[in-house]
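Visitor: After the structure tokens below, expect a handful of questions from me.
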Amino acid sequence: MFEYLTAGESHGPRLTAIIKSLPAGLKIELDQINEQLYRRQQGYGRGGRMKIESDKVIINSGLRHKKTLGSPLSMTVENKDWQNWLEIMAPDKERAEAVEALTNPRPGHADLPGALKYNQLDLRNILERASARETAARTAVGAVARQFLNELDINIYSHVVQVGNIKSKTWNQIKADSPERFSSEAAKEQYFAELDKTPLRCGDGQKTAEMIELIDSWKENGDSVGGVFEIVVSGVPVGIGSHVHWDLKLESRLAAQLMGLQAIKGVEIGAGFKGAAMPGSEVHDEIYYDKEKGFFRSSNQAGGIEGGMSNGEEIVIRLAMKPIPTLAKALETADLISKEKRTAAKERSDVCAVPAASIVGEAVTASVIAQSCSSKFGGDSMEEIRRNYESYLEYLSNF
Ligand SMILES: Cc1cc2nc3c(=O)[nH]c(=O)nc-3n(C[C@H](O)[C@H](O)[C@H](O)COP(=O)(O)O)c2cc1C
Ligand SMILES: C=C(O[C@@H]1CC(C(=O)O)=C[C@@H](OP(=O)(O)O)[C@H]1O)C(=O)O
């Protein structure tokens, strides 16, 4: 369940997402999908396209009276920009004389490998689908998964912890500063909700000012900016995912699907690369037992996953986003046809999209956790899943 497909080109008529199967009886609020689509469009450093689009979901199948039917849920998001690309992107007309081919591939984009692989002489035939416009469809899918996870009291948050070379505190560091502050879910929810009102989704005002300065000055030089964001999943019960096969491991599923997000070049779970330099005694989270809480840890270097399974602590994932490939100060390239030296294509572009990527990261994470939860709790209807979920929690509390 929660397996899905997306389709659509960046400047075509619309994006489509189909979630192949869902439990029946899951309540879906369209407003909540639209809220996630809105969040994805925000953030300092985005380009002109976001002024054109105002993404809204249309449900085409699988939902009746706000409840899923268990049948494929099909959704579309219109590309408003399509109206400006009718000739260039026409699906049903021969190519017009006026439609010029793009032949100067951008280093860092899909242009060149895609053109060679698919035997294309116009880079647009590659970049249209490679474009991160597609992430609007994945955000809609994730917004459905999130509504399912909310039924199981699972929440997904994110924040930006690095823009260019400016770093702010990670979630573990923020919590270590004031351990009592985030003891309730409501406090976490409020902290992360406030970030949506900030320009870069970073909780440190001083660092945000420095990050904005960096984006402005790199932009002025015709350059682009990458960064790092963190995803925090709370409320996942112990035992989601499995150690028995590599492809069932929760971290392998998260890493694969999150690396499938445009421009993501690194993924860490918990202490990640830092942990490699530390002694085991400082990395592994000691195990305690309390009658109320059951088994628990006083630290979370594992990032909530051991042996491919959730261990009941928060799941903490960090993702590195490379700088945007389209540069105003275009890099050198070689023409696809003449093979002569050229400068790379300069399409209108984002300069920094780390905050937007963090929202898509939440959505992709929601889909993965929903896939793994529905396989753990089974069932064709929400009632059945809820029964299985509650009886599992009861079993754990009596263990
Ligand atoms: C939210 C988001 C917005 C992006 N915006 C742009 C953009 O405006 N211009 C650009 O060249 N690349 C942009 N990218 C990155 C490219 O889509 C990506 O680098 C390209 O598809 C090549 O794939 P790869 O980086 O995963 O190898 C964006 C990525 C994301 C996640
Ligand atoms: C459209 C979106 O992102 C786009 C991702 C993108 C790329 O090459 O990945 C290039 C830009 O598209 P355009 O060339 O139309 O300005 C971004 O705006 C979006 O996020 O909705």
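Going through the structure tokens in order, the chains are called A, B, and so on, while each chain numbers its residues from 1 and the ligands are numbered from 1 in the order shown.
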Run DSSP on the backbone and grab whatever in segment 110-244 of chain A lands in alpha helix (DSSP H); send it over as number ranges by chain.

Guide: A: 111-118, 124-130, 135-151, 171-177, 185-195, 205-220

Visitor: Fewer than 6 positions away in the same chain doesn't count, so skip those; otherwise give me all residues within 8 Å of segment 194-200 of chain A, counting only C-alpha atoms, as a list of chain:residue names.

Guide: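 Answer for this query is A:Arg39, A:Gln42, A:Gly43, A:Tyr44, A:His159, A:Val160, A:Thr208, A:Val354, A:Pro355.
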
Visitor: Per DSSP on the backbone, what are the strand (DSSP E) residues of segment 135-238 of chain A, as number ranges by chain?

Guide: A: 155-163, 166-167, 227-234

Visitor: Which residue gives the smallest distance to ligand 2 among A:Asp153, A:Asp55, A:Glu230, A:Glu306, with only C-alpha atoms and all ligand atoms counted?

Guide: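 Comparing A:Asp153, A:Asp55, A:Glu230, A:Glu306 against ligand 2, the winner is A:Asp55.
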
Visitor: How would you write, as a PyMOL selection string, the set of residues no farther than 9 Å from ligand 1 when counting only C-alpha atoms and all ligand atoms?

Guide: chain A and resi 40-41+46-49+106+108-111+127+129-136+259-265+321-327+346-361

Visitor: With N, CA and C atoms retained, export the selected residues as a compact mmCIF listing (two decimals), in the first residue's frame.

Guide:
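Contents of the output file part31.txt:
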```
# COMPACT_ATOMS: atom_id res chain seq x y z
N ARG A 40 5.53 23.75 -0.01
CA ARG A 40 6.61 23.40 -0.94
C ARG A 40 6.99 24.57 -1.85
N GLN A 41 6.06 25.48 -2.06
CA GLN A 41 6.34 26.60 -2.97
C GLN A 41 7.08 27.77 -2.30
N ARG A 46 13.91 31.12 -4.24
CA ARG A 46 13.25 30.49 -5.39
C ARG A 46 13.13 31.50 -6.55
N GLY A 47 12.95 30.97 -7.76
CA GLY A 47 12.95 31.81 -8.96
C GLY A 47 11.57 32.26 -9.39
N GLY A 48 11.46 32.76 -10.61
CA GLY A 48 10.23 33.36 -11.12
C GLY A 48 9.07 32.39 -11.27
N ARG A 49 9.36 31.12 -11.44
CA ARG A 49 8.28 30.14 -11.69
C ARG A 49 7.28 30.09 -10.54
N ARG A 106 23.51 21.62 -19.42
CA ARG A 106 23.98 22.21 -18.16
C ARG A 106 24.71 21.18 -17.31
N GLY A 108 25.60 19.25 -14.25
CA GLY A 108 24.85 19.06 -13.00
C GLY A 108 23.39 18.74 -13.21
N HIS A 109 22.86 19.00 -14.42
CA HIS A 109 21.46 18.64 -14.69
C HIS A 109 21.44 17.32 -15.47
N ALA A 110 20.24 16.86 -15.75
CA ALA A 110 20.11 15.56 -16.43
C ALA A 110 20.38 15.67 -17.93
N ASP A 111 20.58 16.91 -18.43
CA ASP A 111 20.58 17.19 -19.87
C ASP A 111 21.43 16.22 -20.71
N LEU A 127 15.03 17.48 -19.90
CA LEU A 127 14.94 18.34 -18.70
C LEU A 127 13.51 18.50 -18.21
N ARG A 129 11.18 16.36 -17.79
CA ARG A 129 10.79 15.34 -16.81
C ARG A 129 11.76 15.30 -15.63
N ALA A 130 13.03 15.63 -15.90
CA ALA A 130 14.02 15.62 -14.81
C ALA A 130 13.70 16.71 -13.79
N SER A 131 13.06 17.78 -14.25
CA SER A 131 12.80 18.95 -13.40
C SER A 131 12.11 18.59 -12.09
N ALA A 132 12.47 19.33 -11.07
CA ALA A 132 11.88 19.13 -9.74
C ALA A 132 10.44 19.65 -9.66
N ARG A 133 9.89 20.11 -10.77
CA ARG A 133 8.44 20.39 -10.80
C ARG A 133 7.68 19.13 -10.39
N GLU A 134 8.24 17.99 -10.74
CA GLU A 134 7.61 16.69 -10.42
C GLU A 134 7.38 16.52 -8.92
N THR A 135 8.16 17.24 -8.11
CA THR A 135 8.05 17.05 -6.66
C THR A 135 6.72 17.57 -6.11
N ALA A 136 6.01 18.37 -6.92
CA ALA A 136 4.66 18.79 -6.48
C ALA A 136 3.76 17.56 -6.39
N MET A 259 16.88 9.64 -1.75
CA MET A 259 17.91 9.93 -2.76
C MET A 259 17.27 10.08 -4.14
N GLY A 260 16.05 9.61 -4.27
CA GLY A 260 15.31 9.77 -5.53
C GLY A 260 14.76 11.18 -5.69
N LEU A 261 15.02 12.02 -4.70
CA LEU A 261 14.57 13.42 -4.79
C LEU A 261 15.67 14.23 -5.51
N GLN A 262 15.26 15.03 -6.49
CA GLN A 262 16.19 15.81 -7.30
C GLN A 262 17.20 16.56 -6.43
N ALA A 263 18.47 16.48 -6.81
CA ALA A 263 19.58 17.25 -6.21
C ALA A 263 20.03 16.74 -4.84
N ILE A 264 19.45 15.66 -4.34
CA ILE A 264 19.91 15.11 -3.05
C ILE A 264 21.12 14.21 -3.32
N LYS A 265 22.20 14.49 -2.64
CA LYS A 265 23.46 13.78 -2.90
C LYS A 265 24.03 13.10 -1.67
N MET A 321 21.72 18.61 -0.08
CA MET A 321 21.26 19.03 -1.41
C MET A 321 22.39 19.78 -2.10
N LYS A 322 22.71 19.38 -3.30
CA LYS A 322 23.78 20.08 -4.03
C LYS A 322 23.28 21.45 -4.52
N PRO A 323 24.17 22.36 -4.90
CA PRO A 323 23.70 23.65 -5.43
C PRO A 323 22.93 23.43 -6.74
N ILE A 324 21.97 24.30 -7.00
CA ILE A 324 21.15 24.23 -8.22
C ILE A 324 22.07 24.27 -9.46
N PRO A 325 21.84 23.38 -10.43
CA PRO A 325 22.73 23.34 -11.61
C PRO A 325 22.62 24.54 -12.57
N THR A 326 21.43 25.12 -12.72
CA THR A 326 21.31 26.23 -13.68
C THR A 326 21.91 27.48 -13.06
N LEU A 327 22.93 28.03 -13.70
CA LEU A 327 23.63 29.19 -13.15
C LEU A 327 23.49 30.38 -14.08
N LYS A 346 20.84 28.86 -19.90
CA LYS A 346 20.48 29.67 -18.72
C LYS A 346 18.98 29.80 -18.71
N GLU A 347 18.30 28.81 -18.19
CA GLU A 347 16.86 28.96 -18.03
C GLU A 347 16.62 29.77 -16.76
N ARG A 348 15.44 30.41 -16.69
CA ARG A 348 15.03 31.01 -15.42
C ARG A 348 15.19 29.94 -14.35
N SER A 349 15.65 30.31 -13.15
CA SER A 349 15.97 29.25 -12.21
C SER A 349 15.89 29.69 -10.75
N ASP A 350 15.73 28.69 -9.88
CA ASP A 350 15.91 28.93 -8.45
C ASP A 350 17.40 29.14 -8.19
N VAL A 351 17.70 29.87 -7.11
CA VAL A 351 19.10 30.02 -6.68
C VAL A 351 19.35 29.07 -5.50
N CYS A 352 18.34 28.97 -4.63
CA CYS A 352 18.41 28.06 -3.49
C CYS A 352 17.01 27.46 -3.29
N ALA A 353 16.93 26.16 -3.20
CA ALA A 353 15.62 25.52 -3.00
C ALA A 353 15.68 24.53 -1.84
N VAL A 354 16.56 24.78 -0.88
CA VAL A 354 16.69 23.84 0.25
C VAL A 354 15.39 23.80 1.08
N PRO A 355 14.75 24.95 1.40
CA PRO A 355 13.51 24.87 2.17
C PRO A 355 12.42 24.08 1.42
N ALA A 356 12.32 24.28 0.11
CA ALA A 356 11.33 23.52 -0.68
C ALA A 356 11.65 22.04 -0.63
N ALA A 357 12.94 21.71 -0.78
CA ALA A 357 13.33 20.29 -0.75
C ALA A 357 13.01 19.66 0.60
N SER A 358 13.10 20.46 1.67
CA SER A 358 12.81 19.89 3.00
C SER A 358 11.34 19.47 3.10
N ILE A 359 10.47 20.21 2.44
CA ILE A 359 9.04 19.85 2.45
C ILE A 359 8.81 18.59 1.63
N VAL A 360 9.49 18.49 0.49
CA VAL A 360 9.35 17.27 -0.31
C VAL A 360 9.95 16.09 0.45
N GLY A 361 11.05 16.36 1.16
CA GLY A 361 11.66 15.31 1.99
C GLY A 361 10.66 14.79 3.03
```

Visitor: Gln371 of chain A: which residues within 12 Å, counting only C-alpha atoms, same-chain residues fewer than 5 positions away excluded, as a CSV table (one decimal) with C-alpha atoms, in the first residue's frame?

Guide:
```csv
chain,number,residue,atom,x,y,z
A,1,MET,CA,0.0,0.0,0.0
A,2,PHE,CA,1.0,3.6,-0.6
A,3,GLU,CA,3.1,2.6,-3.6
A,4,TYR,CA,2.7,5.3,-6.2
A,19,ILE,CA,-1.4,5.9,-5.4
A,20,LYS,CA,-2.0,2.3,-6.4
A,21,SER,CA,-3.8,1.2,-3.3
A,22,LEU,CA,-4.8,2.6,0.1
A,23,PRO,CA,-6.8,1.4,3.0
A,141,VAL,CA,1.2,11.8,-2.4
A,142,GLY,CA,3.0,12.5,0.8
A,144,VAL,CA,-2.2,11.7,1.8
A,145,ALA,CA,0.3,9.4,3.5
A,146,ARG,CA,0.7,12.0,6.3
A,148,PHE,CA,-2.9,8.2,7.3
A,149,LEU,CA,0.1,8.5,9.7
A,240,ILE,CA,8.5,-0.8,11.7
A,241,GLY,CA,10.7,-2.2,8.8
A,248,LEU,CA,12.6,-4.3,3.9
A,249,LYS,CA,15.1,-2.4,6.1
A,250,LEU,CA,13.5,1.0,7.1
A,253,ARG,CA,13.8,2.3,2.0
A,254,LEU,CA,14.1,5.8,3.3
A,257,GLN,CA,13.3,7.1,-1.9
A,364,VAL,CA,8.7,11.2,0.7
A,365,THR,CA,9.4,10.2,4.3
A,366,ALA,CA,5.7,10.1,5.0
A,376,LYS,CA,3.3,-4.1,9.5
A,377,PHE,CA,-0.4,-3.5,10.5
A,378,GLY,CA,-2.0,-5.0,7.4
```

Visitor: Compile the contact shell of Tyr288 of chain A as a ChimeraX atom specification: residues with an atom at most 9 Å away, counting only C-alpha atoms, same-chain residues fewer than 3 positions apart removed.

Guide: /A:294-298

Visitor: Limited to C-alpha atoms, could you put the picked residues into a file as a PDB file, in the first residue's frame?

Guide:
```pdb
ATOM      1  CA  GLY A 294       8.829   0.354  28.464  1.00  0.00           C
ATOM      2  CA  PHE A 295      12.292   0.075  26.892  1.00  0.00           C
ATOM      3  CA  PHE A 296      13.816   3.471  26.118  1.00  0.00           C
ATOM      4  CA  ARG A 297      17.100   5.306  25.429  1.00  0.00           C
ATOM      5  CA  SER A 298      18.558   8.423  26.982  1.00  0.00           C
TER       6      SER A 298
END
```

Visitor: Calculated over only C-alpha atoms and all ligand atoms, which of the candidates A:Ser10, A:Thr343, A:Ser367, A:Thr68 has the smallest distance to ligand 2?

Guide: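 Among the listed residues, the smallest separation from ligand 2 belongs to A:Ser10.
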
Visitor: Lys274 of chain A: which residues within 12 Å, counting only C-alpha atoms, same-chain residues fewer than 6 positions away excluded, as a list in words?

Guide: Glu268, Gly280, Glu282, Val283, Gln301, Ala302 and Arg318 of chain A

Visitor: Atoms to include: N, CA and C atoms. Write the selected residues as a compact mmCIF listing (two decimals), in the first residue's frame.

Guide:
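Full text of part-v4.txt as output:
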```
# COMPACT_ATOMS: atom_id res chain seq x y z
N GLU A 268 22.11 10.77 5.73
CA GLU A 268 22.65 10.26 6.99
C GLU A 268 21.48 9.92 7.91
N GLY A 280 32.66 3.45 19.87
CA GLY A 280 31.35 2.81 19.98
C GLY A 280 30.62 3.16 21.26
N GLU A 282 30.42 5.87 22.68
CA GLU A 282 29.74 7.18 22.60
C GLU A 282 28.65 7.18 21.54
N VAL A 283 28.64 6.15 20.70
CA VAL A 283 27.68 6.14 19.60
C VAL A 283 26.42 5.36 19.97
N GLN A 301 21.65 8.53 19.06
CA GLN A 301 22.67 8.59 18.00
C GLN A 301 22.26 7.70 16.83
N ALA A 302 21.47 6.68 17.12
CA ALA A 302 21.06 5.74 16.07
C ALA A 302 20.04 6.38 15.13
N ARG A 318 19.27 13.20 7.89
CA ARG A 318 19.84 14.43 7.33
C ARG A 318 20.11 14.24 5.84
```

Visitor: Near Gln206 of chain A, counting only C-alpha atoms, which residues have an atom at most 12 Å away, once you skip same-chain residues fewer than 4 positions from it, shown as a ChimeraX atom specification?

Guide: /A:166-169,198,200,202,210-213

Visitor: How many Å separate atom CA of Glu220 of chain A from atom CA of Asn165 of chain A?

Guide: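 Between atom CA of Glu220 of chain A and atom CA of Asn165 of chain A the gap works out to 16.8 Å.
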
Visitor: Closest to Ile156 of chain A among A:Asn300, A:Ser183, A:Ser234, A:Thr16, using only C-alpha atoms?

Guide: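 Using only C-alpha atoms, the shortest distance to Ile156 of chain A belongs to A:Ser234.
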
Visitor: Would you work out the distance separating atom CA of Gly114 of chain A from atom 9 (O, counted along the ligand's line) of ligand 2, expressed in Å to one decimal?

Guide: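 Atom 9 (O, counted along the ligand's line) of ligand 2 lies 14.1 Å from atom CA of Gly114 of chain A.
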
Visitor: Near Leu116 of chain A, within 12 Å and counting only C-alpha atoms, which residues show up once chain neighbours fewer than 2 positions away are dropped, as a PyMOL selection string?

Guide: chain A and resi 103+105+110-114+118-123+125-126+336-337

Visitor: Let's have the selection written as an mmCIF file, in the first residue's frame, with C-alpha atoms.

Guide:
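Final output, saved to again.cif:
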```
data_model
loop_
_atom_site.group_PDB
_atom_site.id
_atom_site.type_symbol
_atom_site.label_atom_id
_atom_site.label_comp_id
_atom_site.auth_asym_id
_atom_site.auth_seq_id
_atom_site.Cartn_x
_atom_site.Cartn_y
_atom_site.Cartn_z
ATOM 1 C CA THR A 103 21.667 21.915 -27.390
ATOM 2 C CA PRO A 105 23.721 20.918 -21.725
ATOM 3 C CA ALA A 110 20.115 15.558 -16.432
ATOM 4 C CA ASP A 111 20.585 17.189 -19.873
ATOM 5 C CA LEU A 112 23.633 15.414 -21.318
ATOM 6 C CA PRO A 113 23.382 11.888 -19.909
ATOM 7 C CA GLY A 114 19.649 11.915 -20.694
ATOM 8 C CA TYR A 118 17.509 8.441 -24.949
ATOM 9 C CA ASN A 119 19.001 9.516 -28.324
ATOM 10 C CA GLN A 120 17.551 13.045 -28.192
ATOM 11 C CA LEU A 121 18.792 16.109 -30.077
ATOM 12 C CA ASP A 122 16.755 18.562 -27.989
ATOM 13 C CA LEU A 123 17.691 18.706 -24.300
ATOM 14 C CA ASN A 125 13.035 16.264 -24.084
ATOM 15 C CA ILE A 126 15.051 15.324 -21.010
ATOM 16 C CA LEU A 336 25.289 18.486 -28.363
ATOM 17 C CA ILE A 337 25.308 18.769 -32.190
#
```
